[in-house]
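Note: the block below is protein_26.pdb and it holds PDB, C-alpha atoms.
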```pdb
ATOM      1  CA  MET A 227     -38.421   0.625   7.734  1.00  0.00           C
ATOM      2  CA  ALA A 228     -37.150  -1.931  10.197  1.00  0.00           C
ATOM      3  CA  LEU A 229     -33.531  -2.902  10.731  1.00  0.00           C
ATOM      4  CA  TYR A 230     -32.771  -6.586  10.349  1.00  0.00           C
ATOM      5  CA  GLY A 231     -29.477  -8.384  10.418  1.00  0.00           C
ATOM      6  CA  CYS A 232     -27.780 -11.671  11.077  1.00  0.00           C
ATOM      7  CA  ALA A 233     -24.439 -12.797  12.471  1.00  0.00           C
ATOM      8  CA  LEU A 234     -22.876 -12.741   9.003  1.00  0.00           C
ATOM      9  CA  VAL A 235     -23.715  -9.162   8.068  1.00  0.00           C
ATOM     10  CA  SER A 236     -24.135  -5.869   9.835  1.00  0.00           C
ATOM     11  CA  PRO A 237     -27.714  -4.583  10.147  1.00  0.00           C
ATOM     12  CA  ILE A 238     -29.194  -3.526   6.829  1.00  0.00           C
ATOM     13  CA  ALA A 239     -32.373  -1.567   6.239  1.00  0.00           C
ATOM     14  CA  VAL A 240     -34.741  -3.892   4.350  1.00  0.00           C
ATOM     15  CA  SER A 241     -38.506  -3.805   4.020  1.00  0.00           C
ATOM     16  CA  PRO A 242     -40.297  -6.604   5.951  1.00  0.00           C
ATOM     17  CA  ALA A 243     -41.728  -8.061   2.722  1.00  0.00           C
ATOM     18  CA  LYS A 244     -38.209  -8.901   1.503  1.00  0.00           C
ATOM     19  CA  ILE A 245     -37.003 -10.798   4.589  1.00  0.00           C
ATOM     20  CA  THR A 246     -36.237 -14.510   4.407  1.00  0.00           C
ATOM     21  CA  SER A 247     -36.748 -16.271   7.707  1.00  0.00           C
ATOM     22  CA  PHE A 248     -35.297 -19.608   8.797  1.00  0.00           C
ATOM     23  CA  ASN A 249     -35.103 -21.019  12.327  1.00  0.00           C
ATOM     24  CA  GLY A 250     -36.085 -17.659  13.745  1.00  0.00           C
ATOM     25  CA  PHE A 251     -33.170 -15.829  12.072  1.00  0.00           C
ATOM     26  CA  HIS A 252     -33.911 -13.123   9.544  1.00  0.00           C
ATOM     27  CA  TYR A 253     -31.777 -12.846   6.423  1.00  0.00           C
ATOM     28  CA  PRO A 254     -31.870  -9.948   3.970  1.00  0.00           C
ATOM     29  CA  PRO A 255     -32.286 -10.773   0.268  1.00  0.00           C
ATOM     30  CA  PHE A 256     -29.224 -12.000  -1.622  1.00  0.00           C
ATOM     31  CA  SER A 257     -28.671  -8.679  -3.353  1.00  0.00           C
ATOM     32  CA  SER A 258     -27.835  -7.126   0.045  1.00  0.00           C
ATOM     33  CA  PHE A 259     -24.744  -9.282   0.476  1.00  0.00           C
ATOM     34  CA  PRO A 260     -21.329  -8.327  -0.924  1.00  0.00           C
ATOM     35  CA  PRO A 261     -20.537  -9.889  -4.318  1.00  0.00           C
ATOM     36  CA  PHE A 262     -18.094 -12.435  -2.863  1.00  0.00           C
ATOM     37  CA  VAL A 263     -20.822 -14.029  -0.682  1.00  0.00           C
ATOM     38  CA  LYS A 264     -22.935 -16.450  -2.684  1.00  0.00           C
ATOM     39  CA  PRO A 265     -25.972 -18.338  -1.403  1.00  0.00           C
ATOM     40  CA  PHE A 266     -25.852 -22.108  -1.487  1.00  0.00           C
ATOM     41  CA  VAL A 267     -29.277 -23.759  -1.594  1.00  0.00           C
ATOM     42  CA  ASN A 268     -29.344 -27.081   0.210  1.00  0.00           C
ATOM     43  CA  SER A 269     -31.222 -29.483  -2.090  1.00  0.00           C
ATOM     44  CA  THR A 270     -32.540 -31.590   0.802  1.00  0.00           C
ATOM     45  CA  LEU A 271     -33.881 -28.623   2.727  1.00  0.00           C
ATOM     46  CA  THR A 272     -35.234 -26.281   0.073  1.00  0.00           C
ATOM     47  CA  SER A 273     -36.174 -23.589   2.576  1.00  0.00           C
ATOM     48  CA  SER A 274     -32.700 -23.356   4.160  1.00  0.00           C
ATOM     49  CA  PHE A 275     -29.765 -21.416   2.856  1.00  0.00           C
ATOM     50  CA  ILE A 276     -26.096 -21.701   3.672  1.00  0.00           C
ATOM     51  CA  TYR A 277     -23.969 -18.666   2.983  1.00  0.00           C
ATOM     52  CA  ARG A 278     -20.349 -19.118   2.078  1.00  0.00           C
ATOM     53  CA  ALA A 279     -17.653 -16.852   0.749  1.00  0.00           C
ATOM     54  CA  THR A 280     -16.321 -17.671  -2.683  1.00  0.00           C
ATOM     55  CA  PRO A 281     -12.573 -17.379  -3.164  1.00  0.00           C
ATOM     56  CA  ILE A 282     -11.368 -14.156  -4.715  1.00  0.00           C
ATOM     57  CA  PRO A 283      -9.065 -14.957  -7.630  1.00  0.00           C
ATOM     58  CA  ALA A 284      -5.532 -13.599  -7.537  1.00  0.00           C
ATOM     59  CA  SER A 285      -5.344 -10.862 -10.124  1.00  0.00           C
ATOM     60  CA  TYR A 286      -1.729  -9.777 -10.404  1.00  0.00           C
ATOM     61  CA  VAL A 287       1.680 -10.873  -9.172  1.00  0.00           C
ATOM     62  CA  TYR A 288       4.219  -8.078  -8.832  1.00  0.00           C
ATOM     63  CA  PRO A 289       7.725  -8.615 -10.200  1.00  0.00           C
ATOM     64  CA  GLU A 290      10.731  -9.075  -7.967  1.00  0.00           C
ATOM     65  CA  PRO A 291      12.990  -6.092  -7.172  1.00  0.00           C
ATOM     66  CA  ILE A 292      15.765  -5.401  -9.676  1.00  0.00           C
ATOM     67  CA  PRO A 293      19.155  -4.811  -7.952  1.00  0.00           C
ATOM     68  CA  GLU A 294      20.572  -2.750 -10.840  1.00  0.00           C
ATOM     69  CA  PHE A 295      17.532  -0.487 -10.832  1.00  0.00           C
ATOM     70  CA  ALA A 296      17.794  -0.148  -7.058  1.00  0.00           C
ATOM     71  CA  GLU A 297      21.424   1.002  -7.299  1.00  0.00           C
ATOM     72  CA  VAL A 298      20.761   3.590 -10.000  1.00  0.00           C
ATOM     73  CA  GLU A 299      17.564   4.865  -8.388  1.00  0.00           C
ATOM     74  CA  THR A 300      19.161   5.126  -4.935  1.00  0.00           C
ATOM     75  CA  GLN A 301      21.971   7.269  -6.342  1.00  0.00           C
ATOM     76  CA  LYS A 302      19.460   9.483  -8.167  1.00  0.00           C
ATOM     77  CA  PHE A 303      17.369   9.761  -4.979  1.00  0.00           C
ATOM     78  CA  LYS A 304      20.431  10.718  -2.909  1.00  0.00           C
ATOM     79  CA  GLU A 305      21.500  13.468  -5.296  1.00  0.00           C
ATOM     80  CA  GLN A 306      18.043  14.980  -5.704  1.00  0.00           C
ATOM     81  CA  LEU A 307      17.192  14.733  -1.989  1.00  0.00           C
ATOM     82  CA  SER A 308      20.452  16.502  -1.157  1.00  0.00           C
ATOM     83  CA  ASN A 309      19.574  19.306  -3.594  1.00  0.00           C
ATOM     84  CA  LYS A 310      16.048  19.691  -2.204  1.00  0.00           C
ATOM     85  CA  LEU A 311      17.112  19.664   1.450  1.00  0.00           C
ATOM     86  CA  ALA A 312      20.024  22.047   0.824  1.00  0.00           C
ATOM     87  CA  LYS A 313      17.415  24.781   0.366  1.00  0.00           C
ATOM     88  CA  HIS A 314      16.635  24.373   4.092  1.00  0.00           C
ATOM     89  CA  HIS A 315      20.114  25.054   5.424  1.00  0.00           C
ATOM     90  CA  GLU A 316      18.681  26.703   8.554  1.00  0.00           C
ATOM     91  CA  THR A 317      16.934  23.418   9.447  1.00  0.00           C
ATOM     92  CA  PHE A 318      19.753  20.961   8.729  1.00  0.00           C
ATOM     93  CA  GLY A 319      22.879  23.030   9.201  1.00  0.00           C
ATOM     94  CA  ASN A 320      26.029  20.894   9.088  1.00  0.00           C
ATOM     95  CA  ASP A 321      24.025  17.654   9.444  1.00  0.00           C
ATOM     96  CA  LEU A 322      22.647  17.728   5.900  1.00  0.00           C
ATOM     97  CA  ASP A 323      24.974  14.988   4.617  1.00  0.00           C
ATOM     98  CA  SER A 324      24.171  12.722   7.587  1.00  0.00           C
ATOM     99  CA  VAL A 325      20.426  13.173   7.059  1.00  0.00           C
ATOM    100  CA  VAL A 326      20.716  12.407   3.336  1.00  0.00           C
ATOM    101  CA  ASP A 327      22.907   9.341   4.049  1.00  0.00           C
ATOM    102  CA  VAL A 328      20.389   7.882   6.525  1.00  0.00           C
ATOM    103  CA  CYS A 329      17.462   8.451   4.144  1.00  0.00           C
ATOM    104  CA  SER A 330      19.365   7.054   1.154  1.00  0.00           C
ATOM    105  CA  LYS A 331      20.447   3.934   3.037  1.00  0.00           C
ATOM    106  CA  ILE A 332      16.882   3.121   4.113  1.00  0.00           C
ATOM    107  CA  PHE A 333      15.480   3.916   0.656  1.00  0.00           C
ATOM    108  CA  GLY A 334      18.120   1.739  -1.034  1.00  0.00           C
ATOM    109  CA  GLU A 335      17.365  -1.211   1.259  1.00  0.00           C
ATOM    110  CA  TYR A 336      13.675  -0.871   0.462  1.00  0.00           C
ATOM    111  CA  LEU A 337      14.349  -0.822  -3.296  1.00  0.00           C
ATOM    112  CA  HIS A 338      16.576  -3.908  -3.052  1.00  0.00           C
ATOM    113  CA  VAL A 339      14.167  -5.935  -0.923  1.00  0.00           C
ATOM    114  CA  GLU A 340      10.558  -4.870  -1.531  1.00  0.00           C
ATOM    115  CA  TYR A 341       9.886  -2.520  -4.439  1.00  0.00           C
ATOM    116  CA  GLY A 342       8.587  -4.481  -7.404  1.00  0.00           C
ATOM    117  CA  GLY A 343       7.241  -1.769  -9.663  1.00  0.00           C
ATOM    118  CA  PRO A 344       4.177   0.463  -9.804  1.00  0.00           C
ATOM    119  CA  GLY A 345       1.656  -0.319  -7.100  1.00  0.00           C
ATOM    120  CA  THR A 346       4.247  -1.529  -4.581  1.00  0.00           C
ATOM    121  CA  LEU A 347       5.363   1.773  -3.052  1.00  0.00           C
ATOM    122  CA  LEU A 348       4.946   1.562   0.717  1.00  0.00           C
ATOM    123  CA  VAL A 349       4.973   4.266   3.387  1.00  0.00           C
ATOM    124  CA  GLU A 350       6.976   2.086   5.796  1.00  0.00           C
ATOM    125  CA  PRO A 351      10.500   3.040   4.615  1.00  0.00           C
ATOM    126  CA  PHE A 352       9.681   6.732   4.982  1.00  0.00           C
ATOM    127  CA  THR A 353       8.349   6.149   8.482  1.00  0.00           C
ATOM    128  CA  ASN A 354      11.586   4.283   9.191  1.00  0.00           C
ATOM    129  CA  MET A 355      13.537   7.306   7.932  1.00  0.00           C
ATOM    130  CA  PHE A 356      11.676   9.547  10.355  1.00  0.00           C
ATOM    131  CA  ILE A 357      12.314   7.169  13.265  1.00  0.00           C
ATOM    132  CA  ALA A 358      15.995   6.660  12.400  1.00  0.00           C
ATOM    133  CA  LEU A 359      16.626  10.399  12.100  1.00  0.00           C
ATOM    134  CA  ASN A 360      14.943  11.033  15.463  1.00  0.00           C
ATOM    135  CA  GLU A 361      16.899   8.211  17.139  1.00  0.00           C
ATOM    136  CA  ARG A 362      20.170   9.725  15.884  1.00  0.00           C
ATOM    137  CA  LYS A 363      18.952  13.144  17.054  1.00  0.00           C
ATOM    138  CA  LEU A 364      19.443  14.585  13.572  1.00  0.00           C
ATOM    139  CA  PRO A 365      17.486  17.759  12.739  1.00  0.00           C
ATOM    140  CA  GLY A 366      14.591  18.039  10.315  1.00  0.00           C
ATOM    141  CA  ALA A 367      13.314  14.446  10.500  1.00  0.00           C
ATOM    142  CA  PRO A 368       9.728  15.342   9.478  1.00  0.00           C
ATOM    143  CA  LEU A 369      10.890  17.491   6.579  1.00  0.00           C
ATOM    144  CA  ALA A 370      13.388  14.902   5.313  1.00  0.00           C
ATOM    145  CA  ALA A 371      10.931  11.981   5.521  1.00  0.00           C
ATOM    146  CA  ARG A 372       8.143  13.980   3.861  1.00  0.00           C
ATOM    147  CA  THR A 373      10.446  15.220   1.096  1.00  0.00           C
ATOM    148  CA  SER A 374      11.672  11.661   0.508  1.00  0.00           C
ATOM    149  CA  LEU A 375       8.135  10.328   0.252  1.00  0.00           C
ATOM    150  CA  LEU A 376       7.061  13.051  -2.158  1.00  0.00           C
ATOM    151  CA  TRP A 377      10.128  12.402  -4.314  1.00  0.00           C
ATOM    152  CA  ALA A 378       9.320   8.685  -4.443  1.00  0.00           C
ATOM    153  CA  GLN A 379       5.665   9.329  -5.296  1.00  0.00           C
ATOM    154  CA  ASN A 380       6.657  11.647  -8.128  1.00  0.00           C
ATOM    155  CA  HIS A 381       9.562   9.677  -9.607  1.00  0.00           C
ATOM    156  CA  LEU A 382       9.817   6.011  -8.590  1.00  0.00           C
ATOM    157  CA  ASP A 383       7.013   4.405 -10.627  1.00  0.00           C
ATOM    158  CA  HIS A 384       7.849   6.514 -13.681  1.00  0.00           C
ATOM    159  CA  ASP A 385      11.541   5.616 -13.465  1.00  0.00           C
ATOM    160  CA  TRP A 386      10.630   1.926 -13.122  1.00  0.00           C
ATOM    161  CA  LYS A 387       8.532   2.074 -16.293  1.00  0.00           C
ATOM    162  CA  VAL A 388      11.295   3.860 -18.202  1.00  0.00           C
ATOM    163  CA  TRP A 389      13.892   1.375 -16.936  1.00  0.00           C
ATOM    164  CA  ASN A 390      11.855  -1.629 -18.081  1.00  0.00           C
ATOM    165  CA  SER A 391      10.853  -0.085 -21.402  1.00  0.00           C
ATOM    166  CA  LYS A 392      14.516   0.419 -22.297  1.00  0.00           C
ATOM    167  CA  GLY A 393      15.553  -3.056 -21.187  1.00  0.00           C
ATOM    168  CA  GLY A 394      17.357  -1.932 -18.051  1.00  0.00           C
ATOM    169  CA  LEU A 395      19.162   1.072 -19.480  1.00  0.00           C
ATOM    170  CA  ASN A 396      18.192   4.172 -17.580  1.00  0.00           C
TER     171      ASN A 396
END
```
Once more with this new file: its structure as structure tokens, please.
Amino acid sequence: MALYGCALVSPIAVSPAKITSFNGFHYPPFSSFPPFVKPFVNSTLTSSFIYRATPIPASYVYPEPIPEFAEVETQKFKEQLSNKLAKHHETFGNDLDSVVDVCSKIFGEYLHVEYGGPGTLLVEPFTNMFIALNERKLPGAPLAARTSLLWAQNHLDHDWKVWNSKGGLN
């Protein structure tokens, strides 16, 4: 088997009998291209092909954040994070409330500005928690950020669905 390729695609293993040649360039058969690349046959030059990408249709638009949901969920997050981190008193000591406040503030801002329902959970706010805790020299930054992320992964999308199924009453 020989390796052939062109400027549009990375080298692909194709048998020599299936190679299309034009102007000295070798092109693999159409089935080797990704589905969004479609061949365009030039009617004036029947032996030449022009490859172009077809637009990918937009499939889903996420809803805007809901301020009321953000308030309720931030309070729930703060209470449950405090309970989870309280089990690690040796790590946080007297700074537990400060750690929870920093995490809750960042999480609340994220819910107010960016979270639009299932599929929109980002890692960025949890990274920001880690950075903010380290900048303030508060203990347990990795543990607090990781616990916050796990809480969000386990609760946020479910709570959003429940909130919207009940018409905003959580």
Mind telling me what the PyMOL selection byres ((chain A and resi 303) around 10) catches here, as a PyMOL selection string? chain A and resi 297-302+304-309+326+329-330+333-334+374+377-378+381-382
To one decimal place, how far is atom CA of Lys331 of chain A from atom CA of Phe356 of chain A in Å? 12.7 Å
For the structure shown, which residues end up in the PyMOL selection byres ((chain A and resi 354) around 12)? Put them as a short mmCIF file (atom, residue, chain, number, x, y, z; two decimals) with C-alpha atoms, in the coordinates of the input, please?
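Saved file out_2.cif follows:
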```cif
data_model
loop_
_atom_site.label_atom_id
_atom_site.label_comp_id
_atom_site.auth_asym_id
_atom_site.auth_seq_id
_atom_site.Cartn_x
_atom_site.Cartn_y
_atom_site.Cartn_z
CA VAL A 328 20.39 7.88 6.52
CA CYS A 329 17.46 8.45 4.14
CA SER A 330 19.36 7.05 1.15
CA LYS A 331 20.45 3.93 3.04
CA ILE A 332 16.88 3.12 4.11
CA PHE A 333 15.48 3.92 0.66
CA GLU A 335 17.36 -1.21 1.26
CA TYR A 336 13.68 -0.87 0.46
CA LEU A 348 4.95 1.56 0.72
CA VAL A 349 4.97 4.27 3.39
CA GLU A 350 6.98 2.09 5.80
CA PRO A 351 10.50 3.04 4.62
CA PHE A 352 9.68 6.73 4.98
CA THR A 353 8.35 6.15 8.48
CA MET A 355 13.54 7.31 7.93
CA PHE A 356 11.68 9.55 10.36
CA ILE A 357 12.31 7.17 13.26
CA ALA A 358 16.00 6.66 12.40
CA LEU A 359 16.63 10.40 12.10
CA ASN A 360 14.94 11.03 15.46
CA GLU A 361 16.90 8.21 17.14
CA ALA A 367 13.31 14.45 10.50
CA PRO A 368 9.73 15.34 9.48
CA ALA A 370 13.39 14.90 5.31
CA ALA A 371 10.93 11.98 5.52
CA ARG A 372 8.14 13.98 3.86
CA SER A 374 11.67 11.66 0.51
CA LEU A 375 8.14 10.33 0.25
#
```
Could you pull the residues within 9 Å of Glu290 of chain A, counting all atoms listed in the file, minus those fewer than 2 positions along the same chain, as a list in words?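 The residues that qualify are Tyr288, Ile292, Val339, Glu340, Tyr341, Gly342 and Gly343 of chain A.
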May I ask which of the residues A:Arg362, A:Leu311, A:Trp389, A:Leu337 is the closest one to Asp323 of chain A, counting all atoms listed in the file? A:Leu311
Residue list as a PyMOL selection string for point (20.9, 15.5, 12.2), cut-off 8 Å, all atoms listed in the file: chain A and resi 318+321-322+324-325+359+362-367
Go ahead and dump the residues you just picked, C-alpha atoms, as a JSON list (two decimals), in the frame of the given file.
```json
[["chain", "number", "residue", "atom", "x", "y", "z"],
["A", 318, "PHE", "CA", 19.75, 20.96, 8.73],
["A", 321, "ASP", "CA", 24.02, 17.65, 9.44],
["A", 322, "LEU", "CA", 22.65, 17.73, 5.90],
["A", 324, "SER", "CA", 24.17, 12.72, 7.59],
["A", 325, "VAL", "CA", 20.43, 13.17, 7.06],
["A", 359, "LEU", "CA", 16.63, 10.40, 12.10],
["A", 362, "ARG", "CA", 20.17, 9.72, 15.88],
["A", 363, "LYS", "CA", 18.95, 13.14, 17.05],
["A", 364, "LEU", "CA", 19.44, 14.58, 13.57],
["A", 365, "PRO", "CA", 17.49, 17.76, 12.74],
["A", 366, "GLY", "CA", 14.59, 18.04, 10.32],
["A", 367, "ALA", "CA", 13.31, 14.45, 10.50]]
```
Quick check, in Å to one decimal: how far apart do atom CA of Leu376 of chain A and atom CA of Asn320 of chain A lie?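 According to the coordinates, atom CA of Leu376 of chain A and atom CA of Asn320 of chain A are separated by 23.4 Å.
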Centre, edges in Å (one decimal): axis-aligned box, segment 305-323 of chain A, 4 Å padding on all six sides, as JSON:
```
{"center_x": 21.0, "center_y": 20.1, "center_z": 1.9, "size_x": 18.0, "size_y": 21.2, "size_z": 23.2}
```
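For the atom pair formed by atom CA of Lys387 of chain A and atom CA of Asp327 of chain A, the distance is 25.9 Å, given to one decimal.
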